Amino acid sequence: MTAKPPNSGSWIREWIETIVVALVLALLIRTFVIQAFYIPSGSMEPTLLVKDRLIVNKFLYKFRDPKRFDIVVFKYPYSREGEPRKDYIKRIIGLPGETVEVKDGVVHIDGRRLSEDHAMNRDSGDFGPYVMPDDGYFMMGDNRPNSSDARYWRVHNLPRKFMIGPALFRFWPLNRLGFLKH
């Protein structure tokens, strides 16, 4: 008795099914779980550098509220009519209901100096006081002199619905590989 040669049609069909399943899984993961993002500007230096590539957790904020100092990727909510919404990345500084003020480059929350231990480039500017709405977050870049952040937006807060998620991990360049400090 001789072995029957494999049906070439079934082999091709198995490969096609495997590829389709892999593509569907990749699309679902990218849509709902994690996504890679590229840093195009220096607004978050020295924490993030131009050309860094990050993994962003797109589902975490469905289970917990955003926290102060989270580094968040979001859709810029104040684009002009008809313009596409660009992805921005900034750090959460002010939370809903808080009063944010910047005096000589130092952030104050509800009248108290905010202790920031992340690395940053500070400026000497002033802002506020500004009371955050119930669903608003005050976002600032770590490179304060070169960051188009909530201090300069028409409305000085980011509504939560525009948040994509927190940046968790830098995967490029390899010499800076690692989790991000929040």
# chains A, B, ... in the order shown; residues from 1 in each chain; ligands from 1
>>> residues_around(residues="Asp149 of chain A", least_positions_apart="6", cutoff="9 Å", atoms="only C-alpha atoms", output="PyMOL selection string")
chain A and resi 43+90+138-141+156
>>> write_last_selection(atoms="N, CA and C atoms", output="PDB file, in the first residue's frame")
ATOM      1  N   SER A  43       8.930  67.577  22.056  1.00  0.00           N
ATOM      2  CA  SER A  43       8.140  68.150  23.147  1.00  0.00           C
ATOM      3  C   SER A  43       8.220  67.354  24.449  1.00  0.00           C
ATOM      4  N   LYS A  90       1.765  63.648  25.633  1.00  0.00           N
ATOM      5  CA  LYS A  90       2.089  64.577  26.719  1.00  0.00           C
ATOM      6  C   LYS A  90       1.924  63.826  28.041  1.00  0.00           C
ATOM      7  N   PHE A 138      -5.129  68.225  32.376  1.00  0.00           N
ATOM      8  CA  PHE A 138      -4.166  69.238  31.967  1.00  0.00           C
ATOM      9  C   PHE A 138      -2.895  68.521  31.539  1.00  0.00           C
ATOM     10  N   MET A 139      -2.527  68.673  30.266  1.00  0.00           N
ATOM     11  CA  MET A 139      -1.426  67.940  29.656  1.00  0.00           C
ATOM     12  C   MET A 139      -0.262  68.881  29.398  1.00  0.00           C
ATOM     13  N   MET A 140       0.952  68.437  29.761  1.00  0.00           N
ATOM     14  CA  MET A 140       2.153  69.230  29.491  1.00  0.00           C
ATOM     15  C   MET A 140       3.253  68.314  28.973  1.00  0.00           C
ATOM     16  N   GLY A 141       4.084  68.876  28.091  1.00  0.00           N
ATOM     17  CA  GLY A 141       5.268  68.167  27.644  1.00  0.00           C
ATOM     18  C   GLY A 141       6.372  68.300  28.679  1.00  0.00           C
ATOM     19  N   HIS A 156      -8.083  74.814  27.687  1.00  0.00           N
ATOM     20  CA  HIS A 156      -6.849  74.346  28.330  1.00  0.00           C
ATOM     21  C   HIS A 156      -6.944  72.967  28.958  1.00  0.00           C
TER      22      HIS A 156
END
>>> select_by_dssp(residues="segment 6-132 of chain A", states="strand (DSSP E)", output="ChimeraX atom specification")
/A:34-38,53-57,71-75,87-94,99-103,106-109,112-113,127-131
>>> write_last_selection(atoms="C-alpha atoms", output="PDB file, in the first residue's frame")
ATOM      1  CA  ILE A  34      -1.807  47.846  21.932  1.00  0.00           C
ATOM      2  CA  GLN A  35      -0.404  50.031  19.192  1.00  0.00           C
ATOM      3  CA  ALA A  36       3.016  51.310  18.241  1.00  0.00           C
ATOM      4  CA  PHE A  37       3.593  55.073  17.983  1.00  0.00           C
ATOM      5  CA  TYR A  38       6.449  57.163  16.654  1.00  0.00           C
ATOM      6  CA  ARG A  53       9.015  54.206  19.074  1.00  0.00           C
ATOM      7  CA  LEU A  54       6.578  53.269  21.822  1.00  0.00           C
ATOM      8  CA  ILE A  55       3.949  50.705  22.682  1.00  0.00           C
ATOM      9  CA  VAL A  56       0.702  52.238  23.931  1.00  0.00           C
ATOM     10  CA  ASN A  57      -1.861  50.325  25.990  1.00  0.00           C
ATOM     11  CA  ILE A  71       2.487  59.701  29.603  1.00  0.00           C
ATOM     12  CA  VAL A  72      -0.503  59.581  27.251  1.00  0.00           C
ATOM     13  CA  VAL A  73      -1.030  59.405  23.499  1.00  0.00           C
ATOM     14  CA  PHE A  74      -4.200  61.210  22.444  1.00  0.00           C
ATOM     15  CA  LYS A  75      -6.013  62.702  19.486  1.00  0.00           C
ATOM     16  CA  ASP A  87      -1.781  62.141  17.600  1.00  0.00           C
ATOM     17  CA  TYR A  88      -0.027  63.987  20.439  1.00  0.00           C
ATOM     18  CA  ILE A  89       1.890  62.689  23.428  1.00  0.00           C
ATOM     19  CA  LYS A  90       2.089  64.577  26.719  1.00  0.00           C
ATOM     20  CA  ARG A  91       2.181  63.953  30.463  1.00  0.00           C
ATOM     21  CA  ILE A  92      -0.925  64.307  32.658  1.00  0.00           C
ATOM     22  CA  ILE A  93      -0.298  67.108  35.142  1.00  0.00           C
ATOM     23  CA  GLY A  94      -3.767  68.241  36.265  1.00  0.00           C
ATOM     24  CA  THR A  99      -6.989  74.191  39.837  1.00  0.00           C
ATOM     25  CA  VAL A 100      -3.774  74.347  37.801  1.00  0.00           C
ATOM     26  CA  GLU A 101      -1.399  77.287  37.913  1.00  0.00           C
ATOM     27  CA  VAL A 102       2.177  77.720  36.694  1.00  0.00           C
ATOM     28  CA  LYS A 103       4.312  80.357  38.451  1.00  0.00           C
ATOM     29  CA  VAL A 106       6.689  75.688  38.584  1.00  0.00           C
ATOM     30  CA  VAL A 107       3.336  73.880  38.520  1.00  0.00           C
ATOM     31  CA  HIS A 108       0.925  74.379  41.408  1.00  0.00           C
ATOM     32  CA  ILE A 109      -2.144  72.192  41.941  1.00  0.00           C
ATOM     33  CA  ARG A 112       0.380  73.659  46.351  1.00  0.00           C
ATOM     34  CA  ARG A 113       3.647  73.214  44.483  1.00  0.00           C
ATOM     35  CA  PHE A 127      -0.191  80.216  33.397  1.00  0.00           C
ATOM     36  CA  GLY A 128      -3.536  80.253  35.123  1.00  0.00           C
ATOM     37  CA  PRO A 129      -5.066  79.683  37.509  1.00  0.00           C
ATOM     38  CA  TYR A 130      -7.356  77.377  35.540  1.00  0.00           C
ATOM     39  CA  VAL A 131     -10.020  75.121  37.062  1.00  0.00           C
TER      40      VAL A 131
END
>>> residues_around(residues="Arg144 of chain A", least_positions_apart="4", cutoff="10 Å", atoms="only C-alpha atoms", output="MDAnalysis selection string")
chainID A and resid 43:45 105 120:125 140 148:149 151
>>> write_last_selection(atoms="C-alpha atoms", output="compact mmCIF listing (two decimals), in the first residue's frame")
# COMPACT_ATOMS: atom_id res chain seq x y z
CA SER A 43 8.14 68.15 23.15
CA MET A 44 8.77 65.29 25.60
CA GLU A 45 12.58 65.53 25.79
CA GLY A 105 7.76 77.60 35.45
CA MET A 120 12.35 67.80 32.19
CA ASN A 121 13.41 71.06 30.65
CA ARG A 122 11.65 73.79 32.63
CA ASP A 123 10.80 77.28 31.43
CA SER A 124 9.99 80.42 33.42
CA GLY A 125 6.48 80.97 32.10
CA MET A 140 2.15 69.23 29.49
CA SER A 148 2.50 72.93 22.42
CA ASP A 149 0.54 71.78 25.45
CA ARG A 151 -1.17 76.07 28.39
>>> residues_around(residues="Tyr61 of chain A", least_positions_apart="4", cutoff="12 Å", atoms="only C-alpha atoms", output="PyMOL selection string")
chain A and resi 32-33+56-57+65-67+70+72-73+160-167
>>> write_last_selection(atoms="C-alpha atoms", output="compact mmCIF listing (two decimals), in the first residue's frame")
# COMPACT_ATOMS: atom_id res chain seq x y z
CA PHE A 32 -8.28 47.31 20.90
CA VAL A 33 -5.17 46.30 22.85
CA VAL A 56 0.70 52.24 23.93
CA ASN A 57 -1.86 50.32 25.99
CA ASP A 65 -8.80 56.30 35.55
CA PRO A 66 -5.82 58.13 34.08
CA LYS A 67 -3.33 59.14 36.77
CA ASP A 70 0.92 59.13 33.01
CA VAL A 72 -0.50 59.58 27.25
CA VAL A 73 -1.03 59.41 23.50
CA ARG A 160 -10.85 61.93 28.43
CA LYS A 161 -12.65 60.65 25.33
CA PHE A 162 -9.68 61.76 23.18
CA MET A 163 -7.15 59.63 25.09
CA ILE A 164 -5.81 56.64 23.17
CA GLY A 165 -3.87 55.28 26.13
CA PRO A 166 -0.74 55.44 28.24
CA ALA A 167 2.67 54.86 26.69
>>> atom_distance(atom1="atom CA of Pro145 of chain A", atom2="atom CA of Ala119 of chain A")
13.7 Å
>>> residues_around(residues="Leu180 of chain A", least_positions_apart="2", cutoff="7 Å", atoms="only C-alpha atoms", output="PyMOL selection string")
chain A and resi 168-170+178+182
>>> write_last_selection(atoms="C-alpha atoms", output="PDB file, in the first residue's frame")
ATOM      1  CA  LEU A 168       4.195  51.869  28.441  1.00  0.00           C
ATOM      2  CA  PHE A 169       7.286  50.660  26.651  1.00  0.00           C
ATOM      3  CA  ARG A 170       9.966  52.086  24.334  1.00  0.00           C
ATOM      4  CA  GLY A 178      12.543  49.671  28.389  1.00  0.00           C
ATOM      5  CA  HIS A 182       5.260  57.380  35.151  1.00  0.00           C
TER       6      HIS A 182
END
>>> atom_distance(atom1="atom CA of Ala150 of chain A", atom2="atom CA of Leu60 of chain A")
22.9 Å
>>> select_by_dssp(residues="segment 7-176 of chain A", states="helix (DSSP H, G or I)", output="PyMOL selection string")
chain A and resi 8-32+60-62+144-146+160-162+174-176
>>> atom_distance(atom1="atom CA of Ser147 of chain A", atom2="atom CA of Gly42 of chain A")
7.8 Å
